[in-house]
Structure formats: structure tokens, C-alpha cells
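Listing of target38.txt, compact mmCIF, C-alpha atoms
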```
# COMPACT_ATOMS: atom_id res chain seq x y z
CA MET A 926 148.79 89.37 76.60
CA ASN A 927 145.49 89.74 74.83
CA PRO A 928 142.67 89.83 77.48
CA LEU A 929 140.39 87.75 75.24
CA ARG A 930 143.08 85.10 74.85
CA ALA A 931 143.65 85.08 78.60
CA ARG A 932 139.94 84.50 79.21
CA VAL A 933 139.96 81.63 76.72
CA ARG A 934 142.89 79.96 78.43
CA ARG A 935 141.57 80.52 81.95
CA PRO A 936 139.09 77.59 82.00
CA GLY A 937 141.88 75.19 81.02
CA ARG A 938 144.10 76.56 83.76
CA LEU A 939 141.33 76.24 86.33
CA ALA A 940 140.71 72.65 85.24
CA ALA A 941 144.41 71.86 85.63
CA GLU A 942 144.55 73.45 89.08
CA ALA A 943 141.39 71.62 90.15
CA SER A 944 142.84 68.32 88.93
CA ALA A 945 146.09 68.95 90.79
CA LEU A 946 144.16 69.80 93.96
CA LEU A 947 142.06 66.64 93.63
CA ILE A 948 145.15 64.48 93.17
CA ALA A 949 146.79 66.13 96.19
CA VAL A 950 143.72 65.39 98.33
CA VAL A 951 143.64 61.75 97.20
CA VAL A 952 147.35 61.33 97.97
CA ALA A 953 147.18 63.13 101.33
CA PHE A 954 143.99 61.42 102.60
CA PRO A 955 145.69 58.16 103.71
CA LEU A 956 148.24 60.21 105.66
CA TYR A 957 145.44 62.22 107.25
CA TRP A 958 143.58 59.04 108.19
CA MET A 959 146.76 57.54 109.69
CA VAL A 960 147.38 60.58 111.89
CA LEU A 961 143.68 60.83 112.80
CA SER A 962 143.56 57.16 113.81
CA ALA A 963 146.69 57.63 115.92
CA PHE A 964 144.87 60.29 117.97
CA LYS A 965 141.49 58.54 118.13
CA PRO A 966 140.51 56.68 121.31
CA ALA A 967 140.17 52.92 121.01
CA GLY A 968 136.38 53.05 120.95
CA GLU A 969 136.28 55.28 117.86
CA ILE A 970 138.91 53.24 116.00
CA GLU A 971 136.94 50.02 116.47
CA SER A 972 133.58 51.66 115.75
CA SER A 973 131.50 50.21 112.91
CA GLU A 974 130.73 53.76 111.77
CA PRO A 975 134.11 55.46 111.24
CA ARG A 976 134.14 59.26 111.06
CA PRO A 977 136.79 61.48 109.42
CA TRP A 978 137.20 63.45 112.65
CA THR A 979 137.38 63.01 116.40
CA LEU A 980 136.00 65.13 119.20
CA ALA A 981 138.04 63.40 121.90
CA PRO A 982 141.69 63.20 120.76
CA SER A 983 143.87 60.98 122.88
CA LEU A 984 147.61 60.34 123.25
CA GLU A 985 147.12 56.85 124.63
CA SER A 986 148.31 55.17 121.41
CA PHE A 987 151.52 57.20 121.46
CA ARG A 988 152.05 56.31 125.13
CA ARG A 989 151.88 52.62 124.22
CA VAL A 990 154.32 53.15 121.36
CA PHE A 991 156.93 55.05 123.38
CA GLY A 992 156.36 52.75 126.32
CA GLN A 993 157.37 49.77 124.20
CA GLN A 994 160.72 48.65 125.59
CA GLU A 995 162.66 48.25 122.33
CA PHE A 996 161.12 51.14 120.38
CA GLY A 997 164.02 53.52 121.01
CA ARG A 998 166.55 50.91 119.91
CA TYR A 999 164.55 50.23 116.73
CA PHE A 1000 164.50 53.95 116.01
CA LEU A 1001 168.27 54.32 116.41
CA ASN A 1002 168.89 51.23 114.27
CA SER A 1003 166.75 52.69 111.49
CA LEU A 1004 168.64 55.98 111.66
CA LEU A 1005 171.97 54.16 111.50
CA VAL A 1006 170.94 52.01 108.54
CA ALA A 1007 169.40 54.89 106.58
CA GLY A 1008 172.32 57.22 107.35
CA CYS A 1009 174.95 54.69 106.26
CA VAL A 1010 173.03 53.89 103.08
CA VAL A 1011 172.63 57.57 102.16
CA ILE A 1012 176.27 58.49 102.78
CA ALA A 1013 177.84 55.39 101.23
CA SER A 1014 175.59 55.27 98.16
CA ALA A 1015 176.05 59.01 97.51
CA LEU A 1016 179.86 58.84 97.65
CA ILE A 1017 180.12 55.65 95.60
CA ALA A 1018 177.59 56.86 93.04
CA PHE A 1019 179.42 60.19 92.69
CA LEU A 1020 182.74 58.49 91.99
CA ALA A 1021 181.19 55.93 89.66
CA ALA A 1022 179.19 58.55 87.73
CA THR A 1023 182.36 60.61 87.30
CA ALA A 1024 184.24 57.56 86.02
CA VAL A 1025 181.66 56.51 83.42
CA THR A 1026 181.25 60.12 82.25
CA ARG A 1027 184.81 61.47 82.18
CA PHE A 1028 186.82 58.38 81.25
CA ARG A 1029 186.79 56.23 78.14
CA PHE A 1030 187.16 52.49 78.69
CA ARG A 1031 185.95 49.24 77.21
CA LEU A 1032 182.42 48.03 77.95
CA ARG A 1033 181.41 51.44 79.30
CA THR A 1034 178.11 51.40 77.38
CA THR A 1035 177.48 47.83 78.46
CA LEU A 1036 178.02 48.84 82.06
CA LEU A 1037 175.50 51.67 81.77
CA ILE A 1038 172.94 49.30 80.26
CA MET A 1039 173.53 46.89 83.12
CA PHE A 1040 172.65 49.69 85.54
CA LEU A 1041 169.26 50.01 83.84
CA VAL A 1042 168.71 46.26 83.77
CA ALA A 1043 169.49 46.07 87.49
CA GLN A 1044 166.63 48.50 88.14
CA MET A 1045 164.19 46.14 86.42
CA VAL A 1046 164.85 43.15 88.69
CA PRO A 1047 162.22 42.89 91.47
CA VAL A 1048 163.63 43.02 94.97
CA GLU A 1049 161.46 40.06 95.97
CA ALA A 1050 163.18 37.86 93.37
CA LEU A 1051 166.58 38.50 94.96
CA THR A 1052 165.60 38.16 98.62
CA ILE A 1053 166.26 34.42 98.87
CA PRO A 1054 169.65 34.55 97.08
CA LEU A 1055 170.61 37.51 99.28
CA PHE A 1056 169.58 35.54 102.37
CA PHE A 1057 171.99 32.72 101.52
CA LEU A 1058 174.68 35.26 100.64
CA MET A 1059 174.31 37.01 103.99
CA ARG A 1060 174.25 33.66 105.80
CA ASP A 1061 177.49 32.52 104.15
CA ALA A 1062 179.07 35.92 104.92
CA GLY A 1063 178.01 35.68 108.56
CA GLN A 1064 175.95 38.86 108.36
CA LEU A 1065 172.54 37.54 109.42
CA ASN A 1066 171.10 39.25 112.51
CA THR A 1067 173.34 42.27 111.95
CA LEU A 1068 172.64 45.75 110.60
CA GLY A 1069 175.18 45.04 107.87
CA SER A 1070 172.70 42.65 106.27
CA LEU A 1071 170.36 45.63 105.81
CA ILE A 1072 172.95 48.27 104.86
CA LEU A 1073 174.77 46.35 102.12
CA PRO A 1074 171.72 45.30 100.05
CA HIS A 1075 170.21 48.79 100.19
CA ILE A 1076 173.47 50.33 99.02
CA ALA A 1077 173.57 47.87 96.14
CA PHE A 1078 169.97 48.59 95.13
CA SER A 1079 170.42 52.36 95.42
CA LEU A 1080 173.53 52.60 93.28
CA PRO A 1081 172.16 51.89 89.77
CA PHE A 1082 169.55 54.66 89.95
CA ALA A 1083 171.95 57.07 91.67
CA ILE A 1084 174.75 56.49 89.16
CA TRP A 1085 172.47 56.88 86.16
CA MET A 1086 170.96 60.08 87.54
CA LEU A 1087 174.27 61.64 88.61
CA ARG A 1088 175.77 60.86 85.22
CA GLY A 1089 173.66 63.65 83.75
CA PHE A 1090 174.85 66.17 86.36
CA VAL A 1091 178.51 65.29 85.85
CA LYS A 1092 178.09 65.45 82.08
CA ALA A 1093 176.57 68.92 82.38
CA VAL A 1094 179.78 70.29 83.93
CA PRO A 1095 181.88 71.65 81.02
CA GLU A 1096 185.17 69.88 80.39
CA ALA A 1097 186.69 73.34 79.87
CA LEU A 1098 186.18 73.96 83.59
CA GLU A 1099 188.19 70.86 84.39
CA GLU A 1100 190.95 71.87 81.99
CA ALA A 1101 191.09 75.38 83.50
CA ALA A 1102 191.44 73.87 86.98
CA TYR A 1103 194.33 71.71 85.85
CA ILE A 1104 196.04 74.70 84.23
CA ASP A 1105 195.73 76.58 87.53
CA GLY A 1106 197.53 73.73 89.26
CA ALA A 1107 194.61 71.83 90.78
CA SER A 1108 195.06 68.09 91.09
CA ARG A 1109 192.40 65.63 89.95
CA ALA A 1110 191.38 64.98 93.55
CA ARG A 1111 191.07 68.69 94.30
CA PHE A 1112 188.95 69.27 91.19
CA LEU A 1113 186.81 66.29 92.12
CA TRP A 1114 185.97 67.35 95.68
CA GLN A 1115 186.27 71.15 95.63
CA ILE A 1116 184.79 71.94 92.21
CA LEU A 1117 182.82 69.04 90.77
CA PHE A 1118 181.27 67.80 94.02
CA PRO A 1119 179.56 71.14 94.90
CA LEU A 1120 178.24 71.44 91.34
CA VAL A 1121 176.54 68.04 91.39
CA LEU A 1122 175.37 68.35 95.02
CA PRO A 1123 171.70 68.96 94.03
CA GLY A 1124 171.75 65.66 92.17
CA LEU A 1125 173.29 63.92 95.16
CA VAL A 1126 170.52 65.29 97.37
CA ALA A 1127 167.84 64.07 94.97
CA THR A 1128 169.26 60.54 94.88
CA SER A 1129 169.81 60.58 98.64
CA VAL A 1130 166.10 61.17 99.23
CA PHE A 1131 165.21 57.99 97.37
CA SER A 1132 167.94 56.05 99.17
CA PHE A 1133 166.76 57.33 102.55
CA ILE A 1134 163.13 56.46 101.96
CA SER A 1135 163.97 52.99 100.66
CA ALA A 1136 166.18 52.16 103.65
CA TRP A 1137 163.94 53.81 106.25
CA ASN A 1138 160.74 52.05 105.15
CA ASP A 1139 162.32 48.66 104.50
CA PHE A 1140 160.38 45.76 105.94
CA LEU A 1141 161.24 42.89 103.58
CA PHE A 1142 164.97 42.73 104.31
CA ALA A 1143 164.47 43.45 108.01
CA LYS A 1144 162.01 40.58 108.28
CA SER A 1145 164.15 38.21 106.20
CA PHE A 1146 167.64 38.87 107.56
CA ILE A 1147 167.00 39.74 111.23
CA ILE A 1148 165.74 36.39 112.45
CA SER A 1149 166.50 35.94 116.14
CA ASP A 1150 168.37 39.00 117.47
CA THR A 1151 165.59 41.55 117.96
CA SER A 1152 168.09 44.13 119.22
CA GLN A 1153 169.17 44.54 115.56
CA SER A 1154 165.63 45.14 114.28
CA THR A 1155 164.59 48.41 112.67
CA LEU A 1156 161.56 50.62 113.15
CA PRO A 1157 159.22 48.92 110.62
CA MET A 1158 159.54 45.76 112.71
CA ALA A 1159 158.07 47.66 115.65
CA LEU A 1160 154.72 47.57 113.86
CA LEU A 1161 154.59 43.81 114.40
CA VAL A 1162 154.55 44.38 118.15
CA PHE A 1163 151.15 46.08 117.84
CA TYR A 1164 149.75 43.88 115.08
CA LYS A 1165 148.41 40.58 116.33
CA PRO A 1166 146.19 38.47 114.06
CA ASP A 1167 143.64 37.77 116.79
CA ASP A 1168 143.66 41.22 118.44
CA PRO A 1169 145.44 43.95 116.43
CA ASP A 1170 146.15 47.24 118.16
CA TRP A 1171 145.27 49.59 115.28
CA GLY A 1172 145.85 52.66 117.40
CA GLY A 1173 149.40 51.53 118.17
CA VAL A 1174 150.03 50.64 114.53
CA MET A 1175 148.88 54.07 113.36
CA ALA A 1176 150.80 55.89 116.09
CA ALA A 1177 154.00 53.99 115.29
CA SER A 1178 153.47 54.70 111.57
CA THR A 1179 153.04 58.39 112.34
CA VAL A 1180 156.27 58.43 114.34
CA MET A 1181 158.02 56.69 111.43
CA THR A 1182 156.81 59.40 109.05
CA VAL A 1183 158.23 62.31 111.07
CA PRO A 1184 161.94 61.74 110.23
CA VAL A 1185 161.08 61.47 106.53
CA LEU A 1186 159.24 64.81 106.67
CA VAL A 1187 162.14 66.41 108.54
CA PHE A 1188 164.56 65.09 105.93
CA PHE A 1189 162.41 66.52 103.14
CA VAL A 1190 162.22 69.92 104.83
CA LEU A 1191 166.00 70.04 105.22
CA VAL A 1192 166.76 69.19 101.59
CA GLN A 1193 163.68 70.49 99.76
CA ARG A 1194 165.44 73.38 98.00
CA ARG A 1195 168.28 71.28 96.68
CA LEU A 1196 165.85 68.47 95.91
CA VAL A 1197 163.77 70.66 93.60
CA SER A 1198 166.86 71.95 91.79
CA GLY A 1199 168.21 68.42 91.58
CA LEU A 1200 165.08 66.99 90.03
CA GLY A 1201 164.89 70.00 87.72
CA GLY A 1202 168.44 69.37 86.59
CA ALA A 1203 167.64 65.71 85.96
CA VAL A 1204 164.62 66.61 83.83
CA LYS A 1205 166.61 69.22 81.93
CA ASP A 1206 169.33 66.70 81.20
```

So that I can check it, write out the structure of this file as C-alpha cells.
Amino acid sequence: MNPLRARVRRPGRLAAEASALLIAVVVAFPLYWMVLSAFKPAGEIESSEPRPWTLAPSLESFRRVFGQQEFGRYFLNSLLVAGCVVIASALIAFLAATAVTRFRFRLRTTLLIMFLVAQMVPVEALTIPLFFLMRDAGQLNTLGSLILPHIAFSLPFAIWMLRGFVKAVPEALEEAAYIDGASRARFLWQILFPLVLPGLVATSVFSFISAWNDFLFAKSFIISDTSQSTLPMALLVFYKPDDPDWGGVMAASTVMTVPVLVFFVLVQRRLVSGLGGAVKD
């Protein structure tokens, strides 16, 4: 490359890197403040002159969180709900994406458009109808009332995204597998499934985050049986209108963030390739 041209382009590159760094700082600052507040003593949290640091970190807020009697149950309920949503939505979306991509049938285009339309409907607009649906089905105050709606809301995006991955697999590969004696089921699970796995991971991340951070459905459908509550509901234990425990709220929020970070670390490589494949498609 011409050195003069490189010097001309360098200011633009530096500006882009500086902008990216600034955006990263803006996005990360609320997380930093949450973790900082979780470790601050009560006096510093309630101070009228907040500082972006602490010289006396304390674990008292975390002791109150883990000392809360139902916190462990809430945590396990959240894991169960998020895990069921991720597994069920991934399998259903994979089969549905394969069907709308590989098979020709009436109203296929209409069905794909309906998937997009479903993404445009606000969740808040469907909460009341879903409440009556869950009541009539006898699912109120159960984890099923949280799992089923999240699966339904995760499927349109997952199917539309996985459709591109399935379409990218050459049909000649499928024909070669059939010639070699592979059944449709064997091709589906032993050949096609591994090829679209990055896309499944990418959609699973969104499904996991949506189910893990859900507060609206948990508040609406879990009315009286607190043993079926999930982790976001634990925040209400520390938030009282007359005397909120901000240290407990921030500590509980920090604990809620840890599983999401662990999940990202475990799937980050396949997530990047999955998003890259979606953009390429």
C-alpha cells in the first residue's frame, strides 16, 4: 500500500476507533455503576455526592441478597424457564425453518410474512389476552405460563433467521446423502443440524436473554404462588417505595447478570460465526 495513502486514511481510522471506544464506554458505564453500587456501603449509596469509585468496598449487599430465603428458588426457576425456552425454541425453529425452506406448499410466502408481522406486535399489547388464555388453560402461577409465551415470541425471529442458514446448505448435499442411503431424518440431524448450529446458537442467545430478564410475564402470570417466581421478581423484595434498598437491588442485578455473561462466554465463537452468516445471507 502506498505510504502516503495510508497516512491519508489513518485519521479516518483513528476517528472510527475513537467513536467505537466512546460508544463502548457509554454502553458499559451503567454496568460499571451497577457493580460499583453493589459493592458500596449503604452510606456511600445514599450520599448526596455520588462518586464513581469506593475506597471501602463491602459485601453486605450480597449477604442480604443470598440471605433472602427464596432467592435460590427464584434462581433455579429462572434457569429452568430460560433453559426450556432455549431448547424448545431452537428445536422447533430448526424444524420449521427446514420446512419453509426445503418444501413447497401453499401459503408458504404468507406464512413467512406472518412471522415478520408477529415481530411487530408489542408484547405489552398481548399481555392481557395471554393472561386470560393462561387462566382458562389453568396455567396461572406455574412456570408453564412463562415458558409457553416466551417460546411463542422467540419462534418468529428464530425461524426467519435460521431460514437463511438452511437455504445456504446446497441441495446437492442433500441429494448426495440420499444417494448414499441416508434417510431424511439422518440427513436432518447428522448433516443439516451441525451446519446450521451457529445460527441456532445466535438465536438461542436472544431467546435466553428474553426469558432470563423477563419481568412483565412473571409479574402478570405469577400472582399468588411466590415459589414459582423467577429471579427478576427478587428485585421487588429489595425495592420498597418508602425505603428502597438500592444496595440489594444492585447486588441482585449483578448476580442476575453473571449467568448471561457465562452463557455469552460459552457460545461466543459460534455466536460470531452465526451472526456473520446471517449478515452474509

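In this model, the gap between atom CA of A:Gly997 and atom CA of A:Pro955 comes to 25.6 Å.
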
(request) May I ask for the distance between atom CA of A:Leu956 and atom CA of A:Gly968, given in Å to one decimal place? (result) 20.6 Å

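Across the structure, atom CA of A:Val1011 and atom CA of A:Pro1095 are spaced 27.0 Å apart.
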
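With distances restricted to all atoms listed in the file, A:Leu1068 is the closest residue to A:Leu1005 from A:Ala1101, A:Val1126, A:Met1181, A:Leu1068.
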
Taking all atoms of stretch 1090-1096 of chain A that appear in the file, build a box with edges along x, y and z, extend it by 4 Å on every side, and state its centre and edge lengths in Å to one decimal, as lines of an AutoDock Vina configuration file.
```
center_x = 180.0
center_y = 68.5
center_z = 83.4
size_x = 18.3
size_y = 14.4
size_z = 14.0
```

(message) So that I can see what lies close to stretch 1078-1081 of chain A, please list as number ranges by chain the residues with an atom at most 7 Å from it, counting all atoms listed in the file and leaving out residues fewer than 5 positions away in the same chain.
(response) A: 1014, 1018, 1040-1041, 1043-1044, 1132

Distance query A:Val1091 at most 10 Å, only C-alpha atoms, self and fewer than 6 positions along chain excluded, as an mmCIF file with C-alpha atoms, keeping the file's coordinate frame:
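To be explicit, this is the file written out as result35.cif:
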```cif
data_model
loop_
_atom_site.group_PDB
_atom_site.id
_atom_site.type_symbol
_atom_site.label_atom_id
_atom_site.label_comp_id
_atom_site.auth_asym_id
_atom_site.auth_seq_id
_atom_site.Cartn_x
_atom_site.Cartn_y
_atom_site.Cartn_z
ATOM 1 C CA PHE A 1019 179.420 60.190 92.690
ATOM 2 C CA ALA A 1022 179.190 58.550 87.730
ATOM 3 C CA THR A 1023 182.360 60.610 87.300
ATOM 4 C CA ALA A 1024 184.240 57.560 86.020
ATOM 5 C CA VAL A 1025 181.660 56.510 83.420
ATOM 6 C CA THR A 1026 181.250 60.120 82.250
ATOM 7 C CA ARG A 1027 184.810 61.470 82.180
ATOM 8 C CA LEU A 1117 182.820 69.040 90.770
ATOM 9 C CA PHE A 1118 181.270 67.800 94.020
ATOM 10 C CA LEU A 1120 178.240 71.440 91.340
ATOM 11 C CA VAL A 1121 176.540 68.040 91.390
ATOM 12 C CA GLY A 1124 171.750 65.660 92.170
#
```

Because some atoms of stretch 1122-1158 of chain A are absent here, can you restore N, CA and C atoms and send them as a PDB file, in the frame of the given file?
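Just written: rebuild-v8.pdb:
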```pdb
ATOM      1  N   LEU A1122     176.005  68.583  93.725  1.00  0.00           N
ATOM      2  CA  LEU A1122     175.370  68.350  95.020  1.00  0.00           C
ATOM      3  C   LEU A1122     173.842  68.275  94.939  1.00  0.00           C
ATOM      4  N   PRO A1123     173.163  69.130  94.136  1.00  0.00           N
ATOM      5  CA  PRO A1123     171.700  68.960  94.030  1.00  0.00           C
ATOM      6  C   PRO A1123     171.299  67.568  93.548  1.00  0.00           C
ATOM      7  N   GLY A1124     172.049  67.013  92.618  1.00  0.00           N
ATOM      8  CA  GLY A1124     171.750  65.660  92.170  1.00  0.00           C
ATOM      9  C   GLY A1124     171.985  64.630  93.249  1.00  0.00           C
ATOM     10  N   LEU A1125     173.023  64.814  94.046  1.00  0.00           N
ATOM     11  CA  LEU A1125     173.290  63.920  95.160  1.00  0.00           C
ATOM     12  C   LEU A1125     172.161  63.964  96.186  1.00  0.00           C
ATOM     13  N   VAL A1126     171.638  65.162  96.429  1.00  0.00           N
ATOM     14  CA  VAL A1126     170.520  65.290  97.370  1.00  0.00           C
ATOM     15  C   VAL A1126     169.295  64.561  96.848  1.00  0.00           C
ATOM     16  N   ALA A1127     169.011  64.721  95.553  1.00  0.00           N
ATOM     17  CA  ALA A1127     167.840  64.070  94.970  1.00  0.00           C
ATOM     18  C   ALA A1127     167.937  62.554  95.072  1.00  0.00           C
ATOM     19  N   THR A1128     169.095  61.989  94.771  1.00  0.00           N
ATOM     20  CA  THR A1128     169.260  60.540  94.880  1.00  0.00           C
ATOM     21  C   THR A1128     169.266  60.090  96.336  1.00  0.00           C
ATOM     22  N   SER A1129     169.775  60.944  97.228  1.00  0.00           N
ATOM     23  CA  SER A1129     169.810  60.580  98.640  1.00  0.00           C
ATOM     24  C   SER A1129     168.414  60.447  99.226  1.00  0.00           C
ATOM     25  N   VAL A1130     167.483  61.256  98.735  1.00  0.00           N
ATOM     26  CA  VAL A1130     166.100  61.170  99.230  1.00  0.00           C
ATOM     27  C   VAL A1130     165.529  59.793  98.941  1.00  0.00           C
ATOM     28  N   PHE A1131     165.723  59.308  97.722  1.00  0.00           N
ATOM     29  CA  PHE A1131     165.210  57.990  97.370  1.00  0.00           C
ATOM     30  C   PHE A1131     165.910  56.891  98.169  1.00  0.00           C
ATOM     31  N   SER A1132     167.207  57.038  98.380  1.00  0.00           N
ATOM     32  CA  SER A1132     167.940  56.050  99.170  1.00  0.00           C
ATOM     33  C   SER A1132     167.457  56.036 100.614  1.00  0.00           C
ATOM     34  N   PHE A1133     167.217  57.230 101.161  1.00  0.00           N
ATOM     35  CA  PHE A1133     166.760  57.330 102.550  1.00  0.00           C
ATOM     36  C   PHE A1133     165.393  56.688 102.732  1.00  0.00           C
ATOM     37  N   ILE A1134     164.473  57.005 101.840  1.00  0.00           N
ATOM     38  CA  ILE A1134     163.130  56.460 101.960  1.00  0.00           C
ATOM     39  C   ILE A1134     163.135  54.945 101.819  1.00  0.00           C
ATOM     40  N   SER A1135     163.904  54.438 100.866  1.00  0.00           N
ATOM     41  CA  SER A1135     163.970  52.990 100.660  1.00  0.00           C
ATOM     42  C   SER A1135     164.513  52.273 101.892  1.00  0.00           C
ATOM     43  N   ALA A1136     165.584  52.804 102.476  1.00  0.00           N
ATOM     44  CA  ALA A1136     166.180  52.160 103.650  1.00  0.00           C
ATOM     45  C   ALA A1136     165.322  52.352 104.897  1.00  0.00           C
ATOM     46  N   TRP A1137     164.729  53.522 105.046  1.00  0.00           N
ATOM     47  CA  TRP A1137     163.940  53.810 106.250  1.00  0.00           C
ATOM     48  C   TRP A1137     162.668  52.976 106.311  1.00  0.00           C
ATOM     49  N   ASN A1138     162.019  52.771 105.174  1.00  0.00           N
ATOM     50  CA  ASN A1138     160.740  52.050 105.150  1.00  0.00           C
ATOM     51  C   ASN A1138     160.896  50.562 104.903  1.00  0.00           C
ATOM     52  N   ASP A1139     162.113  50.069 104.848  1.00  0.00           N
ATOM     53  CA  ASP A1139     162.320  48.660 104.500  1.00  0.00           C
ATOM     54  C   ASP A1139     161.724  47.733 105.559  1.00  0.00           C
ATOM     55  N   PHE A1140     160.929  46.799 105.075  1.00  0.00           N
ATOM     56  CA  PHE A1140     160.380  45.760 105.940  1.00  0.00           C
ATOM     57  C   PHE A1140     160.811  44.374 105.466  1.00  0.00           C
ATOM     58  N   LEU A1141     160.934  44.211 104.142  1.00  0.00           N
ATOM     59  CA  LEU A1141     161.240  42.890 103.580  1.00  0.00           C
ATOM     60  C   LEU A1141     162.588  42.375 104.045  1.00  0.00           C
ATOM     61  N   PHE A1142     163.636  43.171 103.895  1.00  0.00           N
ATOM     62  CA  PHE A1142     164.970  42.730 104.310  1.00  0.00           C
ATOM     63  C   PHE A1142     165.052  42.588 105.822  1.00  0.00           C
ATOM     64  N   ALA A1143     164.435  43.520 106.548  1.00  0.00           N
ATOM     65  CA  ALA A1143     164.470  43.450 108.010  1.00  0.00           C
ATOM     66  C   ALA A1143     163.801  42.175 108.516  1.00  0.00           C
ATOM     67  N   LYS A1144     162.719  41.788 107.879  1.00  0.00           N
ATOM     68  CA  LYS A1144     162.010  40.580 108.280  1.00  0.00           C
ATOM     69  C   LYS A1144     162.754  39.319 107.873  1.00  0.00           C
ATOM     70  N   SER A1145     163.483  39.397 106.747  1.00  0.00           N
ATOM     71  CA  SER A1145     164.150  38.210 106.200  1.00  0.00           C
ATOM     72  C   SER A1145     165.509  37.958 106.821  1.00  0.00           C
ATOM     73  N   PHE A1146     166.257  39.022 107.132  1.00  0.00           N
ATOM     74  CA  PHE A1146     167.640  38.870 107.560  1.00  0.00           C
ATOM     75  C   PHE A1146     167.834  38.971 109.063  1.00  0.00           C
ATOM     76  N   ILE A1147     166.922  39.650 109.755  1.00  0.00           N
ATOM     77  CA  ILE A1147     167.000  39.740 111.230  1.00  0.00           C
ATOM     78  C   ILE A1147     166.050  38.684 111.770  1.00  0.00           C
ATOM     79  N   ILE A1148     166.589  37.541 112.132  1.00  0.00           N
ATOM     80  CA  ILE A1148     165.740  36.390 112.450  1.00  0.00           C
ATOM     81  C   ILE A1148     165.533  36.233 113.951  1.00  0.00           C
ATOM     82  N   SER A1149     166.615  36.253 114.712  1.00  0.00           N
ATOM     83  CA  SER A1149     166.500  35.940 116.140  1.00  0.00           C
ATOM     84  C   SER A1149     166.929  37.076 117.053  1.00  0.00           C
ATOM     85  N   ASP A1150     167.849  37.925 116.615  1.00  0.00           N
ATOM     86  CA  ASP A1150     168.370  39.000 117.470  1.00  0.00           C
ATOM     87  C   ASP A1150     167.506  40.254 117.278  1.00  0.00           C
ATOM     88  N   THR A1151     166.501  40.424 118.108  1.00  0.00           N
ATOM     89  CA  THR A1151     165.590  41.550 117.960  1.00  0.00           C
ATOM     90  C   THR A1151     166.252  42.888 118.263  1.00  0.00           C
ATOM     91  N   SER A1152     167.402  42.874 118.934  1.00  0.00           N
ATOM     92  CA  SER A1152     168.090  44.130 119.220  1.00  0.00           C
ATOM     93  C   SER A1152     168.633  44.778 117.944  1.00  0.00           C
ATOM     94  N   GLN A1153     168.699  44.020 116.838  1.00  0.00           N
ATOM     95  CA  GLN A1153     169.170  44.540 115.560  1.00  0.00           C
ATOM     96  C   GLN A1153     168.020  44.899 114.619  1.00  0.00           C
ATOM     97  N   SER A1154     166.797  44.840 115.119  1.00  0.00           N
ATOM     98  CA  SER A1154     165.630  45.140 114.280  1.00  0.00           C
ATOM     99  C   SER A1154     165.528  46.643 114.047  1.00  0.00           C
ATOM    100  N   THR A1155     164.802  47.010 113.014  1.00  0.00           N
ATOM    101  CA  THR A1155     164.590  48.410 112.670  1.00  0.00           C
ATOM    102  C   THR A1155     163.143  48.810 112.962  1.00  0.00           C
ATOM    103  N   LEU A1156     162.846  50.076 112.732  1.00  0.00           N
ATOM    104  CA  LEU A1156     161.560  50.620 113.150  1.00  0.00           C
ATOM    105  C   LEU A1156     160.346  49.953 112.487  1.00  0.00           C
ATOM    106  N   PRO A1157     160.391  49.608 111.187  1.00  0.00           N
ATOM    107  CA  PRO A1157     159.220  48.920 110.620  1.00  0.00           C
ATOM    108  C   PRO A1157     158.853  47.639 111.351  1.00  0.00           C
ATOM    109  N   MET A1158     159.838  46.988 111.957  1.00  0.00           N
ATOM    110  CA  MET A1158     159.540  45.760 112.710  1.00  0.00           C
ATOM    111  C   MET A1158     158.756  46.055 113.971  1.00  0.00           C
TER     112      MET A1158
END
```
